[in-house]
$ cat start05.csv   # CSV, C-alpha atoms
chain,number,residue,atom,x,y,z
A,1,MET,CA,7.3,17.8,37.5
A,2,SER,CA,9.0,15.4,35.1
A,3,GLU,CA,8.3,12.4,37.3
A,4,ALA,CA,4.7,13.4,37.6
A,5,LYS,CA,4.4,13.6,33.8
A,6,ASP,CA,6.1,10.2,33.4
A,7,ASN,CA,3.6,8.7,35.9
A,8,GLN,CA,0.7,10.3,34.0
A,9,ASP,CA,2.0,9.0,30.6
A,10,GLY,CA,2.4,5.6,32.2
A,11,ALA,CA,-1.1,5.6,33.6
A,12,HIS,CA,-2.5,6.7,30.2
A,13,GLY,CA,-0.6,3.8,28.5
A,14,ASP,CA,-1.9,1.3,31.0
A,15,ALA,CA,-5.4,2.6,30.4
A,16,ASP,CA,-5.0,2.2,26.7
A,17,LEU,CA,-3.7,-1.3,27.1
A,18,ALA,CA,-6.5,-2.2,29.4
A,19,SER,CA,-9.1,-0.9,27.0
A,20,GLU,CA,-7.4,-2.8,24.1
A,21,LEU,CA,-7.4,-6.0,26.1
A,22,ALA,CA,-11.1,-5.6,27.0
A,23,TYR,CA,-11.9,-5.0,23.4
A,24,VAL,CA,-10.0,-8.1,22.3
A,25,ARG,CA,-11.6,-10.2,25.1
A,26,SER,CA,-15.1,-9.1,23.9
A,27,LEU,CA,-14.2,-10.2,20.4
A,28,ALA,CA,-13.0,-13.6,21.7
A,29,GLU,CA,-16.2,-14.1,23.6
A,30,GLU,CA,-18.2,-13.4,20.5
A,31,GLY,CA,-16.0,-15.7,18.4
A,32,ARG,CA,-14.8,-12.9,16.1
A,33,ASN,CA,-11.4,-11.7,15.1
A,34,ALA,CA,-10.3,-8.1,15.4
A,35,PRO,CA,-11.0,-6.3,12.1
A,36,LEU,CA,-8.1,-4.8,10.2
A,37,VAL,CA,-7.8,-1.0,10.7
A,38,GLY,CA,-5.5,-0.1,7.9
A,39,GLY,CA,-8.0,0.1,5.0
A,40,MET,CA,-7.3,3.8,4.5
A,41,HIS,CA,-3.6,3.1,3.6
A,42,TYR,CA,-4.7,0.7,0.9
A,43,LEU,CA,-7.1,3.3,-0.5
A,44,ILE,CA,-4.5,6.1,-0.4
A,45,TRP,CA,-1.8,4.1,-2.2
A,46,GLY,CA,-4.1,2.4,-4.6
A,47,GLY,CA,-5.8,5.7,-5.5
A,48,LEU,CA,-2.6,7.7,-5.9
A,49,ILE,CA,-0.6,5.1,-7.8
A,50,GLY,CA,-3.6,4.3,-10.0
A,51,ALA,CA,-4.1,8.0,-10.7
A,52,ALA,CA,-0.4,8.5,-11.5
A,53,ALA,CA,-0.4,5.5,-13.9
A,54,LEU,CA,-3.6,6.7,-15.6
A,55,PHE,CA,-2.3,10.2,-15.9
A,56,SER,CA,1.0,8.9,-17.4
A,57,TYR,CA,-0.9,6.7,-19.8
A,58,LEU,CA,-3.2,9.5,-21.0
A,59,SER,CA,-0.1,11.8,-21.3
A,60,SER,CA,1.8,9.3,-23.4
A,61,ALA,CA,-1.2,8.8,-25.6
A,62,GLY,CA,-1.4,12.6,-26.2
A,63,VAL,CA,-4.8,12.9,-24.5
A,64,ILE,CA,-3.4,15.2,-21.8
A,65,LYS,CA,-0.7,17.8,-22.8
A,66,LEU,CA,0.8,19.8,-19.9
A,67,ALA,CA,4.1,21.5,-20.6
A,68,PHE,CA,5.1,21.7,-16.9
A,69,VAL,CA,4.6,17.9,-16.4
A,70,ASN,CA,7.3,15.4,-17.4
A,71,GLY,CA,7.3,11.6,-17.1
A,72,PHE,CA,8.3,11.5,-13.5
A,73,THR,CA,6.1,14.3,-12.1
A,74,PRO,CA,3.0,12.1,-11.4
A,75,TRP,CA,5.0,9.4,-9.7
A,76,ILE,CA,6.9,11.9,-7.5
A,77,VAL,CA,3.6,13.5,-6.4
A,78,ALA,CA,2.1,10.1,-5.7
A,79,GLY,CA,5.1,8.9,-3.8
A,80,ILE,CA,5.5,12.0,-1.6
A,81,GLY,CA,1.7,12.4,-1.1
A,82,GLY,CA,1.3,8.7,-0.2
A,83,TRP,CA,4.0,8.8,2.5
A,84,ILE,CA,2.7,12.0,4.0
A,85,LEU,CA,-0.9,10.7,4.1
A,86,SER,CA,0.2,7.3,5.4
A,87,ILE,CA,2.1,8.7,8.3
A,88,THR,CA,-0.7,11.2,9.1
A,89,MET,CA,-3.5,8.6,8.9
A,90,GLY,CA,-1.3,6.0,10.6
A,91,ARG,CA,-1.6,7.7,13.9
A,92,ARG,CA,-5.4,7.7,13.6
A,93,SER,CA,-5.4,4.0,12.7
A,94,GLN,CA,-3.3,3.1,15.7
A,95,ALA,CA,-5.9,4.7,18.0
A,96,LYS,CA,-8.7,2.4,16.8
A,97,PRO,CA,-9.8,-0.7,18.7
A,98,GLY,CA,-7.8,-3.8,17.8
A,99,ALA,CA,-4.8,-2.0,16.4
A,100,LEU,CA,-2.5,-3.8,18.8
A,101,THR,CA,-3.7,-7.3,17.8
A,102,ILE,CA,-1.3,-9.6,16.0
A,103,GLY,CA,-3.3,-9.5,12.8
A,104,ASN,CA,-3.1,-5.7,12.6
A,105,GLN,CA,0.5,-5.5,13.7
A,106,THR,CA,1.5,-8.1,11.1
A,107,ALA,CA,-0.5,-6.4,8.4
A,108,SER,CA,1.0,-3.0,9.3
A,109,SER,CA,4.6,-4.4,9.2
A,110,VAL,CA,4.3,-6.3,6.0
A,111,TRP,CA,2.7,-3.5,4.1
A,112,PHE,CA,5.2,-1.0,5.5
A,113,ALA,CA,8.0,-3.2,4.3
A,114,VAL,CA,6.4,-3.4,0.8
A,115,GLY,CA,6.2,0.4,0.7
A,116,ILE,CA,9.9,0.8,1.8
A,117,PHE,CA,11.1,-1.6,-0.8
A,118,MET,CA,9.1,-0.2,-3.6
A,119,THR,CA,10.3,3.3,-2.8
A,120,LEU,CA,13.9,2.2,-2.6
A,121,PHE,CA,13.5,0.2,-5.8
A,122,TRP,CA,12.1,3.3,-7.7
A,123,LEU,CA,14.9,5.5,-6.3
A,124,THR,CA,17.5,3.0,-7.4
A,125,LEU,CA,16.1,2.8,-10.9
A,126,MET,CA,16.5,6.6,-11.1
A,127,VAL,CA,20.3,5.9,-10.8
A,128,VAL,CA,20.8,2.8,-12.8
A,129,HIS,CA,18.1,3.1,-15.5
A,130,ASP,CA,20.7,3.9,-18.2
A,131,ASN,CA,23.5,1.6,-17.1
A,132,TYR,CA,22.7,-1.1,-19.7
A,133,THR,CA,22.2,0.9,-22.9
A,134,ASP,CA,25.4,-0.8,-24.3
A,135,THR,CA,23.5,-4.1,-24.3
A,136,GLY,CA,20.7,-2.6,-26.4
A,137,MET,CA,18.3,-1.9,-23.5
A,138,ALA,CA,16.4,1.4,-23.7
A,139,PRO,CA,17.5,3.9,-21.0
A,140,TYR,CA,14.1,3.8,-19.1
A,141,PHE,CA,13.1,0.3,-19.8
A,142,LEU,CA,13.9,-0.9,-16.3
A,143,PHE,CA,11.0,1.2,-15.0
A,144,SER,CA,8.7,-1.2,-16.7
A,145,LEU,CA,9.5,-3.7,-13.9
A,146,MET,CA,7.8,-1.5,-11.3
A,147,PHE,CA,4.3,-2.9,-11.7
A,148,PRO,CA,5.2,-6.6,-12.1
A,149,VAL,CA,7.3,-6.4,-8.9
A,150,ALA,CA,4.7,-4.3,-7.1
A,151,PHE,CA,1.8,-6.6,-7.9
A,152,GLY,CA,3.9,-9.6,-7.0
A,153,LEU,CA,4.7,-8.1,-3.6
A,154,TYR,CA,1.0,-7.0,-3.1
A,155,GLY,CA,0.1,-10.7,-3.6
A,156,VAL,CA,2.6,-11.8,-0.9
A,157,ALA,CA,1.5,-9.1,1.5
A,158,PHE,CA,-2.2,-9.9,1.0
A,159,PHE,CA,-1.5,-13.6,1.6
A,160,VAL,CA,0.4,-12.9,4.9
A,161,THR,CA,-2.3,-10.4,6.0
A,162,ALA,CA,-5.1,-12.9,5.3
A,163,THR,CA,-3.3,-15.6,7.4
A,164,ALA,CA,-2.5,-13.3,10.3
A,165,ALA,CA,-5.9,-11.7,10.4
A,166,ARG,CA,-7.8,-14.9,9.5
A,167,LEU,CA,-9.5,-13.2,6.6
A,168,GLY,CA,-9.7,-15.8,3.9
A,169,TRP,CA,-11.3,-13.5,1.3
A,170,LEU,CA,-8.2,-11.4,1.2
A,171,ARG,CA,-6.4,-14.3,-0.5
A,172,TYR,CA,-8.5,-13.6,-3.6
A,173,PHE,CA,-6.8,-10.3,-3.8
A,174,SER,CA,-3.4,-12.1,-3.7
A,175,TYR,CA,-4.4,-14.2,-6.7
A,176,LEU,CA,-5.7,-11.0,-8.5
A,177,SER,CA,-2.5,-9.2,-7.7
A,178,TRP,CA,-0.4,-12.0,-9.1
A,179,GLY,CA,-2.6,-12.1,-12.2
A,180,PHE,CA,-1.9,-8.4,-12.8
A,181,ALA,CA,1.9,-9.1,-12.2
A,182,ILE,CA,1.9,-11.7,-14.9
A,183,VAL,CA,-0.1,-9.6,-17.4
A,184,SER,CA,2.3,-6.7,-16.7
A,185,LEU,CA,5.3,-8.9,-17.7
A,186,PHE,CA,3.8,-9.4,-21.1
A,187,LEU,CA,3.5,-5.6,-21.6
A,188,LEU,CA,6.9,-4.4,-20.5
A,189,ASP,CA,7.5,-2.6,-23.8
A,190,SER,CA,3.9,-1.4,-24.3
A,191,PRO,CA,2.2,1.8,-23.2
A,192,GLN,CA,-0.7,-0.4,-22.2
A,193,ARG,CA,1.3,-1.4,-19.1
A,194,LEU,CA,0.4,1.9,-17.6
A,195,LEU,CA,-3.3,1.3,-18.1
A,196,VAL,CA,-3.0,-2.2,-16.7
A,197,GLY,CA,-1.1,-0.7,-13.8
A,198,ALA,CA,-3.8,1.8,-13.1
A,199,LEU,CA,-6.6,-0.8,-13.2
A,200,GLY,CA,-4.5,-3.1,-11.0
A,201,SER,CA,-3.8,-0.5,-8.4
A,202,LEU,CA,-7.5,0.3,-8.1
A,203,ALA,CA,-8.6,-3.3,-8.1
A,204,CYS,CA,-5.8,-4.7,-5.9
A,205,ALA,CA,-5.3,-1.9,-3.4
A,206,ALA,CA,-8.1,0.8,-3.5
A,207,LEU,CA,-11.0,-1.7,-3.6
A,208,PRO,CA,-9.9,-3.9,-0.7
A,209,GLY,CA,-9.1,-0.7,1.2
A,210,LEU,CA,-12.7,0.4,0.8
A,211,ILE,CA,-14.0,-3.0,1.9
A,212,LEU,CA,-11.8,-3.0,5.0
A,213,MET,CA,-12.8,0.6,5.9
A,214,ARG,CA,-16.4,-0.4,5.9
A,215,ARG,CA,-15.6,-3.1,8.5
A,216,GLU,CA,-13.4,-1.0,10.7
A,217,PRO,CA,-14.5,-0.2,14.3
A,218,THR,CA,-15.5,3.4,14.7
A,219,ASP,CA,-15.1,3.7,18.5
A,220,ILE,CA,-11.8,4.9,19.9
A,221,VAL,CA,-10.2,2.8,22.6

$ encode --input "start05.csv" --output "structure tokens"
Amino acid sequence: MSEAKDNQDGAHGDADLASELAYVRSLAEEGRNAPLVGGMHYLIWGGLIGAAALFSYLSSAGVIKLAFVNGFTPWIVAGIGGWILSITMGRRSQAKPGALTIGNQTASSVWFAVGIFMTLFWLTLMVVHDNYTDTGMAPYFLFSLMFPVAFGLYGVAFFVTATAARLGWLRYFSYLSWGFAIVSLFLLDSPQRLLVGALGSLACAALPGLILMRREPTDIV
């Protein structure tokens, strides 16, 4: 029975690969590149991080007052929610036509790496944020580096994705991301950094995510 199941799985895998190759061949004949299929991930993270930053900004400004919410709650919710949704939606994205092309595989890898690093960076700051108070640095000041670093990495990831997928317009989001990174560096000690972070997350992640989703193929291979 196990051997029969292995043969069935192998046949299914071969059929998927054959369908994928047929799809890519049809694109090549039409002179087009396989569209990116990860737009939902951009929208998820851009929306969640943007919402967390906006919520934190409104909370610090006194517009929103919730006793059960502290400074870290929005970010914890956004981080956990983002990873759960990304893993769940990732399976659906991998079933779409063109998911196995070099452009999509490169985009998936580079953005996954960005997500891993930013998560580890945030968790590390939770440990070392007050290690430099003897130098005059405020205990939570290092968290101000999150958006400059994030937008800088967004720019690199967009640039790599644009090259791999041959989508020149994505480079404009690289430049936009780097612009937000530089602006964020000027606002490290200002509450306005959260507002800039919210706007940047929506403009540099959620917006391109929406654009890419509109271009994604709808048929399952």

$ closest_residue --input "start05.csv" --among "A:Gly62, A:Leu36, A:Arg193, A:Ser177" --to "Thr161 in chain A" --atoms "all atoms listed in the file"
A:Leu36

$ atom_distance --input "start05.csv" --atom1 "CA of Pro139 in chain A" --atom2 "CA of Ser56 in chain A"
17.6 Å

$ closest_residue --input "start05.csv" --among "A:Ser93, A:Val77, A:Leu207, A:Phe72" --to "Leu125 in chain A" --atoms "all atoms listed in the file"
A:Phe72

$ closest_residue --input "start05.csv" --among "A:Ile211, A:Leu202, A:Val149, A:Ile87" --to "Trp169 in chain A" --atoms "only C-alpha atoms"
A:Ile211

$ residues_around --input "start05.csv" --residues "Ala53 in chain A" --least-positions-apart "2" --cutoff "8 Å" --atoms "all atoms listed in the file" --output "list in words"
Ile49, Gly50, Ala51, Phe55, Ser56, Tyr57, Pro74, Trp75, Leu194, Leu195, Gly197 and Ala198 of chain A

$ atom_distance --input "start05.csv" --atom1 "CA of Ala107 in chain A" --atom2 "CA of Trp83 in chain A"
16.9 Å

$ closest_residue --input "start05.csv" --among "A:Ala165, A:Val37, A:Ala206, A:Leu48" --to "Met89 in chain A" --atoms "all atoms listed in the file"
A:Val37

$ closest_residue --input "start05.csv" --among "A:Val128, A:Ala157, A:Ala95, A:Ala61" --to "Ser108 in chain A" --atoms "all atoms listed in the file"
A:Ala157

$ closest_residue --input "start05.csv" --among "A:Val160, A:Leu210, A:Leu145, A:Val114" --to "His129 in chain A" --atoms "all atoms listed in the file"
A:Leu145

$ atom_distance --input "start05.csv" --atom1 "CA of Met213 in chain A" --atom2 "CA of Gly39 in chain A"
4.9 Å

$ decode --input "start05.csv" --residues "range 111-199 of chain A" --atoms "C-alpha atoms" --output "short mmCIF file (atom, residue, chain, number, x, y, z; two decimals), in the first residue's frame"
data_model
loop_
_atom_site.label_atom_id
_atom_site.label_comp_id
_atom_site.auth_asym_id
_atom_site.auth_seq_id
_atom_site.Cartn_x
_atom_site.Cartn_y
_atom_site.Cartn_z
CA TRP A 111 11.23 38.20 1.24
CA PHE A 112 11.23 35.18 3.54
CA ALA A 113 14.80 36.09 4.51
CA VAL A 114 13.71 39.69 5.21
CA GLY A 115 10.89 38.42 7.42
CA ILE A 116 13.19 36.09 9.35
CA PHE A 117 15.79 38.79 9.94
CA MET A 118 13.27 41.44 11.05
CA THR A 119 11.66 38.97 13.45
CA LEU A 120 15.02 38.01 14.95
CA PHE A 121 16.05 41.67 15.08
CA TRP A 122 12.91 42.59 17.04
CA LEU A 123 13.30 39.66 19.43
CA THR A 124 16.95 40.57 20.03
CA LEU A 125 15.99 44.16 20.82
CA MET A 126 13.61 42.81 23.45
CA VAL A 127 16.71 41.46 25.22
CA VAL A 128 19.31 44.19 24.65
CA HIS A 129 17.17 47.34 24.54
CA ASP A 130 18.34 48.53 27.98
CA ASN A 131 21.98 47.42 27.77
CA TYR A 132 23.26 50.90 26.92
CA THR A 133 21.50 53.09 29.46
CA ASP A 134 24.86 53.85 31.12
CA THR A 135 25.85 55.72 27.95
CA GLY A 136 22.79 57.95 28.23
CA MET A 137 20.65 56.03 25.75
CA ALA A 138 16.98 55.67 26.65
CA PRO A 139 15.98 52.04 27.44
CA TYR A 140 13.73 51.55 24.36
CA PHE A 141 15.52 53.86 21.96
CA LEU A 142 16.96 50.99 19.90
CA PHE A 143 13.45 50.02 18.78
CA SER A 144 13.46 53.24 16.77
CA LEU A 145 15.83 51.48 14.36
CA MET A 146 13.18 49.00 13.30
CA PHE A 147 11.67 51.10 10.51
CA PRO A 148 14.93 52.43 9.02
CA VAL A 149 16.30 48.88 8.89
CA ALA A 150 13.02 47.42 7.62
CA PHE A 151 12.58 49.95 4.83
CA GLY A 152 16.22 49.54 3.85
CA LEU A 153 15.73 45.79 3.51
CA TYR A 154 12.44 46.31 1.66
CA GLY A 155 14.34 48.34 -0.91
CA VAL A 156 16.95 45.61 -1.40
CA ALA A 157 14.28 42.90 -1.63
CA PHE A 158 12.26 44.88 -4.18
CA PHE A 159 15.37 45.50 -6.26
CA VAL A 160 16.25 41.79 -6.30
CA THR A 161 12.65 40.82 -7.03
CA ALA A 162 12.42 43.33 -9.87
CA THR A 163 15.56 41.89 -11.48
CA ALA A 164 14.59 38.24 -11.05
CA ALA A 165 11.03 38.73 -12.26
CA ARG A 166 11.96 41.33 -14.91
CA LEU A 167 9.50 43.85 -13.49
CA GLY A 168 11.22 47.19 -13.80
CA TRP A 169 8.39 49.11 -12.12
CA LEU A 170 9.10 47.34 -8.83
CA ARG A 171 12.37 49.26 -8.61
CA TYR A 172 10.37 52.41 -7.96
CA PHE A 173 9.21 50.80 -4.74
CA SER A 174 12.87 50.19 -3.91
CA TYR A 175 13.55 53.90 -4.21
CA LEU A 176 10.41 54.72 -2.23
CA SER A 177 11.42 52.29 0.52
CA TRP A 178 14.89 53.79 0.78
CA GLY A 179 13.31 57.23 0.95
CA PHE A 180 11.21 56.17 3.93
CA ALA A 181 14.30 54.61 5.52
CA ILE A 182 16.19 57.90 5.32
CA VAL A 183 13.24 59.94 6.60
CA SER A 184 12.84 57.50 9.48
CA LEU A 185 16.47 58.06 10.49
CA PHE A 186 15.71 61.75 11.01
CA LEU A 187 12.81 60.86 13.33
CA LEU A 188 14.38 58.32 15.66
CA ASP A 189 13.49 60.30 18.78
CA SER A 190 10.13 61.57 17.52
CA PRO A 191 6.67 60.00 17.90
CA GLN A 192 6.14 60.94 14.24
CA ARG A 193 8.36 57.99 13.29
CA LEU A 194 5.37 55.73 13.95
CA LEU A 195 3.17 57.70 11.59
CA VAL A 196 5.88 57.62 8.91
CA GLY A 197 6.27 53.90 9.54
CA ALA A 198 2.56 53.35 9.07
CA LEU A 199 2.45 55.33 5.83
#
